[in-house]
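Here the structure comes first, spelled out in structure tokens, and everything after it is commentary.
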Amino acid sequence: HKVIRAALNQAEREDLVVKNVCRQVKPPRKQRYEINPLSPDETRTLRETMRGHPDEALYVLALSTGMRQGEILGLRWRDCNLDNGYISVNRSLVFVVNDWYLQEPKTASSRRRIQLANEAVDAFGPHLRSQLEKRMALGEAWQDNDLVFPTDIGTPRRGANLVYRSFRPLLERAGIRRIRFHDLRHTAATLLLGEGVHPKVVSEMLGHSSVQLTLDTYSHVTPTMQQEAATKMNDILSG
């Protein structure tokens, strides 16, 4: 609806159509998907199960930062500063049929720097060594795109392949219910907010356009946060 409306607006300006009939059509409501984050116990179980997994660093990064799948698969080594424990999110991997490109963030807030947890930094070491071994074994056959999480020959990795060949089998091995890869993002946000991390910090980490969006998305965590705030205020007032 949005694309057709814009096209007909332009056609109307150029006198190619009498009027934009799209203005008379009620646009569909944006479908809201119910978030399905992992519980703290499920998160710990998944973390233990992924130890030694070829994609361990990828999943630790997803769980600890809440990055989008495209941002993770589009992450380049030049964007990683492991000595100082942070990464810069500058691109997102996008596939169009059989072609791919690294897309710049749609909003300024999506371009961000994320401080990494020690677990994530530590996981990068074995991952880098494994990738270097693959590069040496393949020689000139390796396709260097500077990607942190490419295929075994260095090419960009499709999100669907990651889900079906790696993520779902990992969930089954861990004995955890099936969730979407995007629910790892919701898990990170829910756990951080539940531990009392300020919504502004969580919003910046996720690359949300506003704190309100973060609060609206994770409103199920807000009552607990308010109860904790009330308890702390009670402690302050009662001395």
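Here's how to read the names in the structure tokens: chain A, B, ... by the order shown, residue numbers from 1 in each chain, ligand numbers from 1 in the order shown.
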Problem set entry | Picked from region 69-230 of chain A by DSSP as alpha helix (DSSP H), as a PyMOL selection string | chain A and resi 69-73+118-138+159-162+168-174+183-194+199-206+211-217+222-230
For this session: Quick one: everything within 12 Å of region 181-185 of chain A, counting only C-alpha atoms, minus sequence neighbours fewer than 3 positions away in the same chain. Send it as an NGL selection string.
Result: :A and (33-40 or 42-43 or 46-47 or 58-72 or 159-164 or 166-168 or 170-171 or 177-178 or 188-192 or 202-203 or 205-208 or 214 or 217-218)
For this session: Determine which residues of region 88-179 of chain A DSSP labels as strand (DSSP E or B) from the backbone of this structure, then write them out as a ChimeraX atom specification.
Result: /A:88-89,92-96,99-103,112-115,147
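For the pair CA of Glu119 (chain A) and CA of Gly194 (chain A), the separation is 19.5 Å.
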Problem set entry | Counting only C-alpha atoms, the option among A:Leu147, A:Val18, A:Met50, A:Leu215 closest to Ser92 (chain A) |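 Selected residue with least distance to Ser92 (chain A): A:Leu147.
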